[in-house]
Amino acid sequence: MELLLGGISSLFGGGGAAAGTTWAAANAGVAAAAPAAASGLSLSSILQGTASVLGVLSSVGAGQAEATQMELAAQDAESEQQLETLQGINRRQSIRRQMADAQGAQDVAYAASGADLSFGTAAAARKDAYREADLGLTMATGTEQTRVSRLAERAANYRAGAKQAKRAGWLNGLIGGINTLQSFSQRGGY
């Protein structure tokens, strides 16, 4: 021990072996006077306890960090739901616009040829255009609803994962603390 402390002391500009000897003499005096040394409390026990506390805090912190990441992912999924709703509205407006443009072009073509727009081929073409637009609108609405529900499910899964990560962090910390206490009791240092 004296050699180790002497080497460390010389690294920091200390007096090498003289510092190690001085430390050893001071340590021997403290050890003789300290009743805690007689009860089994030692530097290694203190260091092990400190490492255990840091390990517990680290486990809990890791669980909290993972939970935070999952919560942020859930918030992103919820934001995407709103974006998907806006995109769905845009898709439906685009379909309506295309239908109106196509219907207008058909009406102009039939009117230019002198055909009556209220019956016959012109009326059948108009019905087909409305049917096609209706089908496109239904598909766009179904796609939007499916995507929004999947994003809602994803957000719920992220939130459940966040709760589980918090619990796992606390559980790992608790297990680490119990293991340290068990180690102390087996050594007689607690």
# chains A, B, ... in the order shown; residues from 1 in each chain; ligands from 1
$ residues_around --residues "segment 59-62 of chain A" --least-positions-apart "2" --cutoff "12 Å" --atoms "only C-alpha atoms" --output "ChimeraX atom specification"
/A:52-57,64-69,162,165-177
$ write_last_selection --atoms "N, CA and C atoms" --output "PDB file, in the first residue's frame"
ATOM      1  N   SER A  52     -21.720   0.896  -5.018  1.00  0.00           N
ATOM      2  CA  SER A  52     -23.074   0.349  -5.062  1.00  0.00           C
ATOM      3  C   SER A  52     -24.102   1.459  -5.218  1.00  0.00           C
ATOM      4  N   VAL A  53     -23.938   2.536  -4.452  1.00  0.00           N
ATOM      5  CA  VAL A  53     -24.872   3.669  -4.558  1.00  0.00           C
ATOM      6  C   VAL A  53     -24.812   4.257  -5.966  1.00  0.00           C
ATOM      7  N   LEU A  54     -23.609   4.409  -6.495  1.00  0.00           N
ATOM      8  CA  LEU A  54     -23.464   4.932  -7.857  1.00  0.00           C
ATOM      9  C   LEU A  54     -24.081   3.982  -8.879  1.00  0.00           C
ATOM     10  N   GLY A  55     -23.935   2.691  -8.653  1.00  0.00           N
ATOM     11  CA  GLY A  55     -24.549   1.709  -9.548  1.00  0.00           C
ATOM     12  C   GLY A  55     -26.067   1.786  -9.522  1.00  0.00           C
ATOM     13  N   VAL A  56     -26.632   1.947  -8.326  1.00  0.00           N
ATOM     14  CA  VAL A  56     -28.082   2.082  -8.193  1.00  0.00           C
ATOM     15  C   VAL A  56     -28.545   3.332  -8.925  1.00  0.00           C
ATOM     16  N   LEU A  57     -27.856   4.443  -8.683  1.00  0.00           N
ATOM     17  CA  LEU A  57     -28.229   5.697  -9.347  1.00  0.00           C
ATOM     18  C   LEU A  57     -28.074   5.591 -10.857  1.00  0.00           C
ATOM     19  N   GLN A  64     -34.570   5.999 -16.606  1.00  0.00           N
ATOM     20  CA  GLN A  64     -35.224   7.291 -16.846  1.00  0.00           C
ATOM     21  C   GLN A  64     -34.882   7.831 -18.233  1.00  0.00           C
ATOM     22  N   ALA A  65     -33.615   7.682 -18.644  1.00  0.00           N
ATOM     23  CA  ALA A  65     -33.193   8.166 -19.956  1.00  0.00           C
ATOM     24  C   ALA A  65     -33.914   7.414 -21.074  1.00  0.00           C
ATOM     25  N   GLU A  66     -34.015   6.105 -20.930  1.00  0.00           N
ATOM     26  CA  GLU A  66     -34.721   5.309 -21.938  1.00  0.00           C
ATOM     27  C   GLU A  66     -36.201   5.673 -21.971  1.00  0.00           C
ATOM     28  N   ALA A  67     -36.784   5.901 -20.792  1.00  0.00           N
ATOM     29  CA  ALA A  67     -38.191   6.292 -20.724  1.00  0.00           C
ATOM     30  C   ALA A  67     -38.403   7.647 -21.393  1.00  0.00           C
ATOM     31  N   THR A  68     -37.477   8.561 -21.196  1.00  0.00           N
ATOM     32  CA  THR A  68     -37.579   9.883 -21.824  1.00  0.00           C
ATOM     33  C   THR A  68     -37.519   9.765 -23.339  1.00  0.00           C
ATOM     34  N   GLN A  69     -36.618   8.931 -23.845  1.00  0.00           N
ATOM     35  CA  GLN A  69     -36.526   8.737 -25.294  1.00  0.00           C
ATOM     36  C   GLN A  69     -37.825   8.161 -25.848  1.00  0.00           C
ATOM     37  N   ALA A 162     -42.021   3.160 -22.150  1.00  0.00           N
ATOM     38  CA  ALA A 162     -41.410   4.132 -21.238  1.00  0.00           C
ATOM     39  C   ALA A 162     -41.676   3.751 -19.780  1.00  0.00           C
ATOM     40  N   ALA A 165     -39.485   0.799 -18.975  1.00  0.00           N
ATOM     41  CA  ALA A 165     -38.080   1.177 -18.813  1.00  0.00           C
ATOM     42  C   ALA A 165     -37.837   1.803 -17.442  1.00  0.00           C
ATOM     43  N   LYS A 166     -38.774   2.630 -16.978  1.00  0.00           N
ATOM     44  CA  LYS A 166     -38.638   3.221 -15.634  1.00  0.00           C
ATOM     45  C   LYS A 166     -38.633   2.135 -14.571  1.00  0.00           C
ATOM     46  N   ARG A 167     -39.594   1.205 -14.695  1.00  0.00           N
ATOM     47  CA  ARG A 167     -39.668   0.113 -13.713  1.00  0.00           C
ATOM     48  C   ARG A 167     -38.408  -0.737 -13.732  1.00  0.00           C
ATOM     49  N   ALA A 168     -37.916  -1.015 -14.936  1.00  0.00           N
ATOM     50  CA  ALA A 168     -36.700  -1.842 -15.053  1.00  0.00           C
ATOM     51  C   ALA A 168     -35.503  -1.138 -14.425  1.00  0.00           C
ATOM     52  N   GLY A 169     -35.403   0.175 -14.616  1.00  0.00           N
ATOM     53  CA  GLY A 169     -34.308   0.926 -14.007  1.00  0.00           C
ATOM     54  C   GLY A 169     -34.346   0.847 -12.494  1.00  0.00           C
ATOM     55  N   TRP A 170     -35.532   1.051 -11.933  1.00  0.00           N
ATOM     56  CA  TRP A 170     -35.661   0.960 -10.476  1.00  0.00           C
ATOM     57  C   TRP A 170     -35.402  -0.462  -9.976  1.00  0.00           C
ATOM     58  N   LEU A 171     -35.905  -1.440 -10.700  1.00  0.00           N
ATOM     59  CA  LEU A 171     -35.709  -2.829 -10.304  1.00  0.00           C
ATOM     60  C   LEU A 171     -34.229  -3.203 -10.354  1.00  0.00           C
ATOM     61  N   ASN A 172     -33.524  -2.815 -11.420  1.00  0.00           N
ATOM     62  CA  ASN A 172     -32.092  -3.110 -11.512  1.00  0.00           C
ATOM     63  C   ASN A 172     -31.315  -2.422 -10.392  1.00  0.00           C
ATOM     64  N   GLY A 173     -31.704  -1.190 -10.085  1.00  0.00           N
ATOM     65  CA  GLY A 173     -31.051  -0.478  -8.983  1.00  0.00           C
ATOM     66  C   GLY A 173     -31.299  -1.167  -7.652  1.00  0.00           C
ATOM     67  N   LEU A 174     -32.529  -1.590  -7.433  1.00  0.00           N
ATOM     68  CA  LEU A 174     -32.881  -2.281  -6.186  1.00  0.00           C
ATOM     69  C   LEU A 174     -32.116  -3.596  -6.058  1.00  0.00           C
ATOM     70  N   ILE A 175     -32.046  -4.346  -7.144  1.00  0.00           N
ATOM     71  CA  ILE A 175     -31.314  -5.623  -7.117  1.00  0.00           C
ATOM     72  C   ILE A 175     -29.838  -5.387  -6.837  1.00  0.00           C
ATOM     73  N   GLY A 176     -29.269  -4.348  -7.464  1.00  0.00           N
ATOM     74  CA  GLY A 176     -27.861  -4.027  -7.199  1.00  0.00           C
ATOM     75  C   GLY A 176     -27.637  -3.657  -5.748  1.00  0.00           C
ATOM     76  N   GLY A 177     -28.543  -2.877  -5.162  1.00  0.00           N
ATOM     77  CA  GLY A 177     -28.419  -2.506  -3.751  1.00  0.00           C
ATOM     78  C   GLY A 177     -28.546  -3.711  -2.839  1.00  0.00           C
TER      79      GLY A 177
END
$ residues_around --residues "Arg92 of chain A" --least-positions-apart "3" --cutoff "10 Å" --atoms "only C-alpha atoms" --output "list in words"
Gln87, Gly88, Ile89, Ile95, Arg96, Arg97, Gln98, Ala133, Asp134, Gly136, Leu137, Thr138, Met139, Ala140 and Thr141 of chain A
$ closest_atom_pairs --of "segment 91-184 of chain A" --to "segment 48-51 of chain A" --cutoff "12 Å" --atoms "only C-alpha atoms" --output "Markdown table"
| residue | atom | partner | partner_atom | distance |
| --- | --- | --- | --- | --- |
| A:Gly173 | CA | A:Ala51 | CA | 11.9 |
| A:Gly176 | CA | A:Ala51 | CA | 10.2 |
| A:Gly177 | CA | A:Gly49 | CA | 8.9 |
| A:Ile178 | CA | A:Gly49 | CA | 11.3 |
| A:Asn179 | CA | A:Gly49 | CA | 10.9 |
| A:Thr180 | CA | A:Gly49 | CA | 7.2 |
| A:Leu181 | CA | A:Gly49 | CA | 8.5 |
| A:Gln182 | CA | A:Gly49 | CA | 11.5 |
| A:Ser183 | CA | A:Gln48 | CA | 9.5 |
| A:Phe184 | CA | A:Gly49 | CA | 8.7 |
$ write_last_selection --atoms "C-alpha atoms" --output "compact mmCIF listing (two decimals), in the first residue's frame"
# COMPACT_ATOMS: atom_id res chain seq x y z
CA GLY A 173 -31.05 -0.48 -8.98
CA GLY A 176 -27.86 -4.03 -7.20
CA GLY A 177 -28.42 -2.51 -3.75
CA ILE A 178 -29.65 -5.81 -2.33
CA ASN A 179 -26.65 -7.64 -3.77
CA THR A 180 -24.30 -5.15 -2.11
CA LEU A 181 -26.04 -5.46 1.24
CA GLN A 182 -25.88 -9.22 0.94
CA SER A 183 -22.16 -9.02 0.17
CA PHE A 184 -21.61 -6.79 3.22
$ residues_around --residues "Ala102 of chain A" --least-positions-apart "6" --cutoff "12 Å" --atoms "only C-alpha atoms" --output "NGL selection string"
:A and (95-96 or 108-109 or 125-126 or 128-130 or 132-133)
$ write_last_selection --atoms "N, CA and C atoms" --output "PDB file, in the first residue's frame"
ATOM      1  N   ILE A  95     -58.232  15.328 -55.100  1.00  0.00           N
ATOM      2  CA  ILE A  95     -59.128  14.441 -55.858  1.00  0.00           C
ATOM      3  C   ILE A  95     -60.340  15.226 -56.346  1.00  0.00           C
ATOM      4  N   ARG A  96     -60.913  16.051 -55.470  1.00  0.00           N
ATOM      5  CA  ARG A  96     -62.077  16.858 -55.866  1.00  0.00           C
ATOM      6  C   ARG A  96     -61.726  17.835 -56.997  1.00  0.00           C
ATOM      7  N   VAL A 108     -67.102  20.685 -71.691  1.00  0.00           N
ATOM      8  CA  VAL A 108     -66.711  21.558 -72.805  1.00  0.00           C
ATOM      9  C   VAL A 108     -66.660  20.755 -74.102  1.00  0.00           C
ATOM     10  N   ALA A 109     -66.103  19.554 -74.032  1.00  0.00           N
ATOM     11  CA  ALA A 109     -65.986  18.731 -75.239  1.00  0.00           C
ATOM     12  C   ALA A 109     -67.356  18.332 -75.767  1.00  0.00           C
ATOM     13  N   ALA A 125     -70.927   9.627 -68.738  1.00  0.00           N
ATOM     14  CA  ALA A 125     -69.538  10.019 -68.441  1.00  0.00           C
ATOM     15  C   ALA A 125     -69.463  10.809 -67.136  1.00  0.00           C
ATOM     16  N   ARG A 126     -70.472  11.651 -66.926  1.00  0.00           N
ATOM     17  CA  ARG A 126     -70.517  12.426 -65.676  1.00  0.00           C
ATOM     18  C   ARG A 126     -70.699  11.499 -64.473  1.00  0.00           C
ATOM     19  N   ASP A 128     -69.832   8.342 -64.271  1.00  0.00           N
ATOM     20  CA  ASP A 128     -68.572   7.605 -64.094  1.00  0.00           C
ATOM     21  C   ASP A 128     -67.519   8.459 -63.387  1.00  0.00           C
ATOM     22  N   ALA A 129     -67.457   9.727 -63.763  1.00  0.00           N
ATOM     23  CA  ALA A 129     -66.481  10.628 -63.127  1.00  0.00           C
ATOM     24  C   ALA A 129     -66.788  10.787 -61.639  1.00  0.00           C
ATOM     25  N   TYR A 130     -68.079  10.956 -61.300  1.00  0.00           N
ATOM     26  CA  TYR A 130     -68.453  11.077 -59.888  1.00  0.00           C
ATOM     27  C   TYR A 130     -68.171   9.779 -59.125  1.00  0.00           C
ATOM     28  N   GLU A 132     -65.912   7.510 -59.839  1.00  0.00           N
ATOM     29  CA  GLU A 132     -64.457   7.385 -59.702  1.00  0.00           C
ATOM     30  C   GLU A 132     -63.928   8.318 -58.614  1.00  0.00           C
ATOM     31  N   ALA A 133     -64.440   9.548 -58.577  1.00  0.00           N
ATOM     32  CA  ALA A 133     -64.019  10.498 -57.545  1.00  0.00           C
ATOM     33  C   ALA A 133     -64.452  10.010 -56.164  1.00  0.00           C
TER      34      ALA A 133
END
$ closest_residue --among "A:Phe119, A:Asp76, A:Ser58, A:Gly142" --to "Arg154 of chain A" --atoms "only C-alpha atoms"
A:Asp76
$ closest_residue --among "A:Ala123, A:Leu135, A:Ala155, A:Ala73" --to "Gln106 of chain A" --atoms "only C-alpha atoms"
A:Ala123
$ atom_distance --atom1 "atom CA of Val148 of chain A" --atom2 "atom CA of Gln93 of chain A"
18.4 Å
$ select_by_dssp --residues "segment 79-124 of chain A" --states "helix (DSSP H, G or I)" --output "PyMOL selection string"
chain A and resi 79-112+121-124
$ closest_residue --among "A:Ala74, A:Leu117, A:Ala105, A:Leu83" --to "Ala160 of chain A" --atoms "only C-alpha atoms"
A:Ala74
